Amino acid sequence: MKIIKQFFETLVMIAIALVIVFTFVEDLAAYLIWDWNLRKILLYVGFGFDLFFTIEFLIRYTASIVRGDTGHYILHKRGWIDFIASVPLLLFNSGPSVYFLLSGAAFAGGVGVLNILKVIKAVRVARILRMLRVLKIFRNIKSIDSIMTQRHLTRIISTVVVTIIAIMFVGSIVFSGTFIPSPSMVLNEETPLKTAVFINDKIERNQSQDLDLTKIRQDILLIKNENRTVYSRYTDDQYNSSFGPGDFQYIRYNHTEVFFDLRFRNSEAALPGMLLLLIIVFVVISLMLFYSPHFAMTISDPVFVMLKGMRDRDYNLEVDIPMRYRNDDIFRLSHVYNNNYLTLKARENDENKEGESVLKIEDLGDLFSE
Amino acid sequence: MVTENEKAKQFINKLLLNPTLNDLSALQKEEQIIQFLHINGNTLFPTLSSPAFFPGRNLLEVNNILLTSLFQITDTQLIPELRTIIYEKLNYSFFSFMGAGDFNEEGIRFQLFTFLQKMVKRPVTRRNLTGPHRAITSGLPAKYLAPVFDRRKYVLFELTKVQRLRMAQSDLKDLISLSMLLKPAVHLMEAPGKVSGRDSSSSMIQTHYIQKLIEGLKEELNLVPEPVICSGINSNLSFLDNRNIEASARIASLFSSMGISYRPAMKVDRGAVSPDSSWFSIAKKNFRFNGFDKDMLSELYNISVENGW
């Protein structure tokens with residue numbers, strides 16, 4: 001049972017490490033406008049990860065119900081992170097995408113749908129939260145071997161990461177155009193709908209030959225009127241190999257259908273995601289490398305040495321007090337420990353030589369059973 | 001048929017295999033096991049008096065059987081180590097500096113080794129040999145004498161100018177080591193279970209008792225110069241009460257005391273001061289209690305800090 005649990009934990013840790021790399025690669029694929037076939041694979045992989053973590057969350061959640069400590073799991077054992085980084089992603093991000101893909105439906109829509117899409121995409125940021133669970137991996141780092149250090153570091157990293165993600169999430173909703181449109185959006189009067197109306201007018205007045213599409217918009221892919229192709233930028237094969245759901249926007253006005261290329265807009269949108277991931281990864285690494293040794297040196301190490309000295313009769317090492325921190329409370333306590341406690345302990349040991357033994361009765365183990 | 005002695009040895013050997021004892025000397029291990037048996041004797045007795053171990057024996061008898069076996073096991077390691085110290089590690093050429101007449105090196109070695117064997121047989125002296133034995137096998141005198149000679153400060157002044165030991169560093173190391181080995185001899189005249197010659201207010205030995213003891217030892221160790229015996233025995237005196245104690249005796253006293261709990265392979269936890277520095281620092285604060293030379297402790301402390309020991 002223990003081996004199975006250990007295997008499961010290792011598997012989860014590997015999956016978490018992979019999903020962080022994957023999140024970056026997925027954004028990179030959108031930014032560099034990789035071939036659709038490649039991005040399709042990434043979509044399935046993302047769905048696989050979300051499904052895996054949702055199942056993992058449900059198992060842990062069920063186990064916590066069985067144990068009767070659901071509240072403790074959700075609030076104190078980072079169950080809320082397990083939830084946010086799994087279920088909403090599966091339900092609102094990778095799940096629908098894979099559904100549309102498998103059902104053969106084109107996922108395209110008007111301006112309102114696009115805004116919802118942006119909100120859903122913001123949910124993807126939650127994947128980064130999984131990184132908080134990787135903290136377990138860092139336990140073997142020299143300075144993070146105390147439970148107190150682990151807890152403090154986890155709390156600090158959680159606060160920083162969650163704050164950044166929350167700001168990004170709320171910001172992406174507020175500034176998506178629904179609540180506060182950007183000045184460039186206000187100035188740019190050539191919205192896809194207006195363009196579609198304009199093209200429709202031209203076609204209905206039989207002036208389609210006058211349409212200079214390069215002057216109207218650079219991102220028009222296809223224009224159809226009464227199911228007849230008026231204009232197409234690429235061949236059907238090119239559409240099949242390079243475009244996936246979400247790569248184009250579809251607007252219909254009267255008998256005119258216009259398809260817009262969204263890949264460049266998606267590419268721009270992927271950049272903040274990549275930067276966010278890099279910021280979070282480097283913030284976590286910086287805290288691990290610079291803050292945790294500082295915490296260990298100024299808090300947990302002196303406490304560990306003092307506790308060991310108080311528990312173990314033969315352990316008489318003084319606490320090392322760095323000059324620049326000598327006025328810290330913990331080092332003032334260490335000073336008292338060095339000067340008073342250890343001094344008196346040494347006298348006590350000298351006077352009472354018949355003290356403890358490093359051997360314990362439990363150390364005999366199975367001696368008597370042989 | 002397995003004898004009681006063999007059963008006892010099996011039991012002791014099992015205890016000795018405990019990893020927590022790995023970096024301890026033979027006598028330190030022995031001390032730990034004695035403490036263990038002392039603390040847990042009553043708990044162990046029901047099992048140890050069962051047919052599988054020592055049926056029909058009372059607690060005292062079981063204890064004696066175990067202790068005898070423990071001493072036998074320790075001796076298999078301790079006696080060869082003492083022989084190596086006396087016959088191979090120590091050089092007695094410094095005896096000529098200390099007023100020795102005819103220099104019979106083989107005789108000296110035989111006499112000292114026989115004397116050590118005698119001390120090892122007595123539980124009190126055996127216990128007090130733990131520190132000196134550990135300090136010598138860990139090379140504490142040589143470790144600290146090299147920087148003492150480099151620094152040319154208080155300790156070297158006390159050794160070479162005050163005590164007038166104008167000898168090589170290696171000779172001083174041998175003198176201090178031999179002084180440490182002779183230190184437990186102060187307990188040879190004690191009746192079993194009785195601590196003689198001690199000041200009731202401290203753990204230090206009184207001067208008149210020392211004088212009497214030295215006279216006796218001079219006869220027994222007639223090939224060893226008197227100043228060497230005095231250095232060994234005087235290392236039991238408090239420096240605060242006896243300001244004229246030889247510097248070699250004061251150093252021998254320090255290293256012997258340090259050796260009791262010395263663990264050369266001890267892992268220094270992060271955030272802790274190194275073992276030697278910690279020991280000297282604590283000893284500095286307790287110098288009155290232990291009768292140590294504070295200035296000597298300060299210099300040795302500085303050496304340990306400078307070298308990260």
# chains A, B, ... in the order shown; residues from 1 in each chain; ligands from 1
>>> interface_residues(of="chain B", to="chain A", cutoff="9 Å", atoms="only C-alpha atoms", output="PyMOL selection string")
chain B and resi 11+14-15+18+20-21+31-36+38-40+43-44+47-48+52+203+261+268-279+281-283+285-286+289-290
>>> write_last_selection(atoms="N, CA and C atoms", output="CSV table (one decimal), in the first residue's frame")
chain,number,residue,atom,x,y,z
B,11,PHE,N,24.6,-10.4,23.6
B,11,PHE,CA,23.8,-9.3,23.9
B,11,PHE,C,24.5,-8.0,23.8
B,14,LYS,N,25.3,-7.0,20.3
B,14,LYS,CA,24.1,-6.4,19.6
B,14,LYS,C,24.0,-4.9,19.9
B,15,LEU,N,24.2,-4.6,21.2
B,15,LEU,CA,24.2,-3.2,21.6
B,15,LEU,C,25.2,-2.4,20.9
B,18,ASN,N,24.8,-0.8,17.5
B,18,ASN,CA,23.9,0.4,17.3
B,18,ASN,C,24.7,1.5,16.6
B,20,THR,N,24.4,4.6,16.5
B,20,THR,CA,24.7,5.8,17.3
B,20,THR,C,26.0,5.8,18.0
B,21,LEU,N,26.6,4.5,18.1
B,21,LEU,CA,27.8,4.4,18.8
B,21,LEU,C,29.0,4.3,17.9
B,31,GLU,N,31.1,3.1,28.2
B,31,GLU,CA,30.4,4.0,29.1
B,31,GLU,C,28.9,4.1,28.8
B,32,GLN,N,28.6,4.2,27.5
B,32,GLN,CA,27.2,4.4,27.0
B,32,GLN,C,26.4,3.1,27.4
B,33,ILE,N,27.1,1.9,27.3
B,33,ILE,CA,26.4,0.7,27.5
B,33,ILE,C,26.2,0.5,29.1
B,34,ILE,N,27.2,0.9,29.8
B,34,ILE,CA,27.0,0.9,31.3
B,34,ILE,C,25.8,1.8,31.7
B,35,GLN,N,25.8,3.0,31.1
B,35,GLN,CA,24.6,3.9,31.4
B,35,GLN,C,23.3,3.2,31.0
B,36,PHE,N,23.3,2.6,29.8
B,36,PHE,CA,22.1,2.0,29.3
B,36,PHE,C,21.6,0.9,30.3
B,38,HIS,N,22.4,0.6,33.4
B,38,HIS,CA,22.1,1.2,34.7
B,38,HIS,C,20.6,1.7,34.6
B,39,ILE,N,20.3,2.4,33.5
B,39,ILE,CA,19.0,3.0,33.4
B,39,ILE,C,17.9,2.0,33.2
B,40,ASN,N,18.2,1.0,32.4
B,40,ASN,CA,17.2,0.0,31.9
B,40,ASN,C,17.2,-1.3,32.6
B,43,THR,N,14.0,-2.9,33.6
B,43,THR,CA,13.1,-3.2,32.5
B,43,THR,C,13.6,-4.5,31.8
B,44,LEU,N,14.9,-4.6,31.7
B,44,LEU,CA,15.5,-5.7,31.0
B,44,LEU,C,15.5,-7.0,31.8
B,47,THR,N,13.3,-10.2,31.1
B,47,THR,CA,13.7,-11.0,29.9
B,47,THR,C,15.1,-11.6,30.1
B,48,LEU,N,16.0,-10.9,30.7
B,48,LEU,CA,17.4,-11.4,30.8
B,48,LEU,C,17.4,-12.6,31.9
B,52,ALA,N,16.0,-18.2,28.2
B,52,ALA,CA,16.8,-17.9,27.0
B,52,ALA,C,18.1,-17.2,27.4
B,203,SER,N,34.9,19.3,42.6
B,203,SER,CA,35.3,17.9,42.1
B,203,SER,C,36.8,17.8,42.1
B,261,SER,N,33.8,13.6,25.9
B,261,SER,CA,32.7,13.6,25.0
B,261,SER,C,33.1,13.8,23.6
B,268,VAL,N,28.4,18.6,12.3
B,268,VAL,CA,28.1,19.9,12.8
B,268,VAL,C,26.8,20.4,12.1
B,269,ASP,N,25.7,20.5,12.9
B,269,ASP,CA,24.5,21.0,12.3
B,269,ASP,C,24.6,22.4,11.8
B,270,ARG,N,23.9,22.7,10.7
B,270,ARG,CA,23.9,24.1,10.2
B,270,ARG,C,23.3,25.0,11.3
B,271,GLY,N,24.0,26.1,11.5
B,271,GLY,CA,23.6,27.1,12.6
B,271,GLY,C,24.3,26.8,13.9
B,272,ALA,N,25.1,25.8,14.0
B,272,ALA,CA,25.8,25.5,15.2
B,272,ALA,C,27.3,25.8,15.1
B,273,VAL,N,27.9,26.1,16.2
B,273,VAL,CA,29.3,26.4,16.3
B,273,VAL,C,30.0,25.0,16.2
B,274,SER,N,31.2,25.0,15.7
B,274,SER,CA,32.0,23.7,15.6
B,274,SER,C,32.2,23.1,17.0
B,275,PRO,N,32.4,21.8,17.1
B,275,PRO,CA,32.5,21.1,18.4
B,275,PRO,C,33.6,21.7,19.3
B,276,ASP,N,34.8,21.8,18.7
B,276,ASP,CA,35.9,22.3,19.6
B,276,ASP,C,35.7,23.7,20.1
B,277,SER,N,35.2,24.6,19.2
B,277,SER,CA,35.0,25.9,19.6
B,277,SER,C,33.9,26.0,20.7
B,278,SER,N,32.9,25.2,20.5
B,278,SER,CA,31.8,25.1,21.5
B,278,SER,C,32.3,24.7,22.8
B,279,TRP,N,33.2,23.6,22.8
B,279,TRP,CA,33.7,23.1,24.0
B,279,TRP,C,34.5,24.1,24.8
B,281,SER,N,34.5,27.3,24.4
B,281,SER,CA,33.7,28.5,24.8
B,281,SER,C,32.9,28.1,26.1
B,282,ILE,N,32.3,27.0,26.2
B,282,ILE,CA,31.6,26.6,27.5
B,282,ILE,C,32.6,26.4,28.6
B,283,ALA,N,33.8,25.8,28.3
B,283,ALA,CA,34.8,25.6,29.4
B,283,ALA,C,35.3,26.9,29.9
B,285,LYS,N,33.6,29.6,30.2
B,285,LYS,CA,32.5,30.1,31.2
B,285,LYS,C,32.5,29.3,32.5
B,286,ASN,N,33.0,28.1,32.4
B,286,ASN,CA,32.9,27.2,33.6
B,286,ASN,C,34.3,27.0,34.2
B,289,PHE,N,34.6,26.5,37.9
B,289,PHE,CA,33.9,25.3,38.3
B,289,PHE,C,34.9,24.1,38.1
B,290,ASN,N,35.6,24.1,36.9
B,290,ASN,CA,36.4,23.0,36.6
B,290,ASN,C,37.9,23.2,37.0
>>> residues_around(residues="region 34-49 of chain A", least_positions_apart="4", cutoff="8 Å", atoms="only C-alpha atoms", output="JSON, numbers by chain")
{"A": [15, 19, 22, 26, 29, 30, 53, 90, 94, 95, 97, 98, 241, 242, 243, 244]}
>>> closest_residue(among="B:Leu181, B:Ala135, B:Leu156, B:Val162", to="Leu116 (chain B)", atoms="only C-alpha atoms")
B:Leu181
>>> residues_around(residues="region 149-151 of chain B", least_positions_apart="4", cutoff="10 Å", atoms="only C-alpha atoms", output="PDB file with N, CA and C atoms, in the first residue's frame")
ATOM      1  N   TYR B 144      46.603  20.833  18.440  1.00  0.00           N
ATOM      2  CA  TYR B 144      46.631  22.190  18.997  1.00  0.00           C
ATOM      3  C   TYR B 144      48.042  22.718  19.221  1.00  0.00           C
ATOM      4  N   LEU B 145      49.011  21.811  19.375  1.00  0.00           N
ATOM      5  CA  LEU B 145      50.364  22.307  19.646  1.00  0.00           C
ATOM      6  C   LEU B 145      50.964  23.010  18.425  1.00  0.00           C
ATOM      7  N   VAL B 155      50.218  30.134  25.796  1.00  0.00           N
ATOM      8  CA  VAL B 155      50.416  28.703  26.069  1.00  0.00           C
ATOM      9  C   VAL B 155      51.889  28.320  25.869  1.00  0.00           C
ATOM     10  N   LEU B 156      52.465  28.783  24.783  1.00  0.00           N
ATOM     11  CA  LEU B 156      53.871  28.445  24.522  1.00  0.00           C
ATOM     12  C   LEU B 156      54.778  29.097  25.572  1.00  0.00           C
ATOM     13  N   PHE B 157      54.433  30.316  25.962  1.00  0.00           N
ATOM     14  CA  PHE B 157      55.207  31.000  26.998  1.00  0.00           C
ATOM     15  C   PHE B 157      55.166  30.194  28.294  1.00  0.00           C
ATOM     16  N   ALA B 168      61.340  19.999  21.653  1.00  0.00           N
ATOM     17  CA  ALA B 168      60.652  20.042  20.350  1.00  0.00           C
ATOM     18  C   ALA B 168      59.140  19.886  20.547  1.00  0.00           C
ATOM     19  N   GLN B 169      58.418  20.322  19.534  1.00  0.00           N
ATOM     20  CA  GLN B 169      56.955  20.245  19.571  1.00  0.00           C
ATOM     21  C   GLN B 169      56.486  18.808  19.779  1.00  0.00           C
ATOM     22  N   GLU B 299      43.122  31.015  24.561  1.00  0.00           N
ATOM     23  CA  GLU B 299      43.995  30.854  23.387  1.00  0.00           C
ATOM     24  C   GLU B 299      43.576  29.635  22.560  1.00  0.00           C
ATOM     25  N   ILE B 303      42.259  29.478  18.709  1.00  0.00           N
ATOM     26  CA  ILE B 303      42.846  28.585  17.698  1.00  0.00           C
ATOM     27  C   ILE B 303      41.735  27.782  17.016  1.00  0.00           C
TER      28      ILE B 303
END
>>> residues_around(residues="Met131 (chain A)", least_positions_apart="4", cutoff="8 Å", atoms="only C-alpha atoms", output="CSV table (one decimal) with N, CA and C atoms, in the first residue's frame")
chain,number,residue,atom,x,y,z
A,16,ILE,N,3.1,17.3,-12.4
A,16,ILE,CA,3.1,18.7,-12.1
A,16,ILE,C,4.3,19.4,-12.8
A,17,ALA,N,5.5,18.8,-12.7
A,17,ALA,CA,6.6,19.3,-13.4
A,17,ALA,C,6.4,19.4,-14.9
A,20,ILE,N,3.9,22.2,-16.0
A,20,ILE,CA,4.4,23.6,-16.0
A,20,ILE,C,5.1,23.9,-17.3
A,127,ARG,N,-3.4,26.9,-14.0
A,127,ARG,CA,-2.5,25.7,-14.1
A,127,ARG,C,-1.2,26.0,-13.3
A,135,LEU,N,6.4,22.4,-4.5
A,135,LEU,CA,7.3,22.8,-3.4
A,135,LEU,C,7.7,21.6,-2.6
>>> residues_around(residues="Gln111 (chain B)", least_positions_apart="4", cutoff="9 Å", atoms="only C-alpha atoms", output="VMD selection string")
chain B and resid 106 to 107 115 to 116 220 to 224
>>> write_last_selection(atoms="N, CA and C atoms", output="tab-separated table (two decimals), in the first residue's frame")
chain	number	residue	atom	x	y	z
B	106	GLU	N	62.90	0.48	26.43
B	106	GLU	CA	62.07	-0.73	26.48
B	106	GLU	C	61.47	-0.92	27.88
B	107	GLY	N	62.31	-0.65	28.88
B	107	GLY	CA	61.86	-0.78	30.27
B	107	GLY	C	60.75	0.19	30.58
B	115	PHE	N	51.48	-0.63	33.87
B	115	PHE	CA	50.74	0.28	34.74
B	115	PHE	C	49.35	0.59	34.17
B	116	LEU	N	49.32	0.82	32.87
B	116	LEU	CA	48.03	1.10	32.22
B	116	LEU	C	47.09	-0.10	32.32
B	220	GLU	N	56.55	2.98	41.99
B	220	GLU	CA	56.01	2.03	41.02
B	220	GLU	C	56.51	2.30	39.59
B	221	LEU	N	56.63	3.57	39.26
B	221	LEU	CA	57.10	3.94	37.92
B	221	LEU	C	58.50	4.54	38.05
B	222	ASN	N	59.43	3.71	38.51
B	222	ASN	CA	60.75	4.26	38.82
B	222	ASN	C	61.57	4.64	37.59
B	223	LEU	N	61.12	4.22	36.40
B	223	LEU	CA	61.85	4.61	35.18
B	223	LEU	C	61.30	5.91	34.58
B	224	VAL	N	60.19	6.37	35.14
B	224	VAL	CA	59.57	7.61	34.63
B	224	VAL	C	60.02	8.77	35.52
>>> atom_distance(atom1="CA of Phe264 (chain A)", atom2="CA of Gly246 (chain A)")
11.4 Å
>>> closest_residue(among="B:Ser256, B:Val62, B:Gln10, B:Gly232", to="Ser50 (chain B)", atoms="only C-alpha atoms")
B:Val62
>>> closest_residue(among="B:Lys153, B:His187, B:Lys173, B:Arg243", to="Ser298 (chain B)", atoms="only C-alpha atoms")
B:Lys153
>>> residues_around(residues="region 72-85 of chain A", least_positions_apart="5", cutoff="7 Å", atoms="only C-alpha atoms", output="list in words")
Phe57, Ser64, Ala126, Arg127, Leu129 and Arg130 of chain A
>>> select_by_dssp(residues="region 51-263 of chain B", states="alpha helix (DSSP H)", output="PyMOL selection string")
chain B and resi 59-84+105-121+123-128+130-137+140-151+154-156+169-182+207-220+226-234+247-260
>>> atom_distance(atom1="CA of Met258 (chain B)", atom2="CA of Pro141 (chain B)")
11.1 Å
>>> residues_around(residues="region 118-127 of chain B", least_positions_apart="3", cutoff="7 Å", atoms="only C-alpha atoms", output="ChimeraX atom specification")
/B:114-115,130,184-185,187-188
>>> write_last_selection(atoms="C-alpha atoms", output="PDB file, in the first residue's frame")
ATOM      1  CA  THR B 114      51.901  -2.737  32.746  1.00  0.00           C
ATOM      2  CA  PHE B 115      50.740   0.281  34.743  1.00  0.00           C
ATOM      3  CA  THR B 130      38.002   7.560  28.750  1.00  0.00           C
ATOM      4  CA  PRO B 184      43.556   8.696  36.183  1.00  0.00           C
ATOM      5  CA  ALA B 185      46.215   7.224  38.486  1.00  0.00           C
ATOM      6  CA  HIS B 187      42.144   7.244  41.725  1.00  0.00           C
ATOM      7  CA  LEU B 188      44.388   4.204  42.262  1.00  0.00           C
TER       8      LEU B 188
END
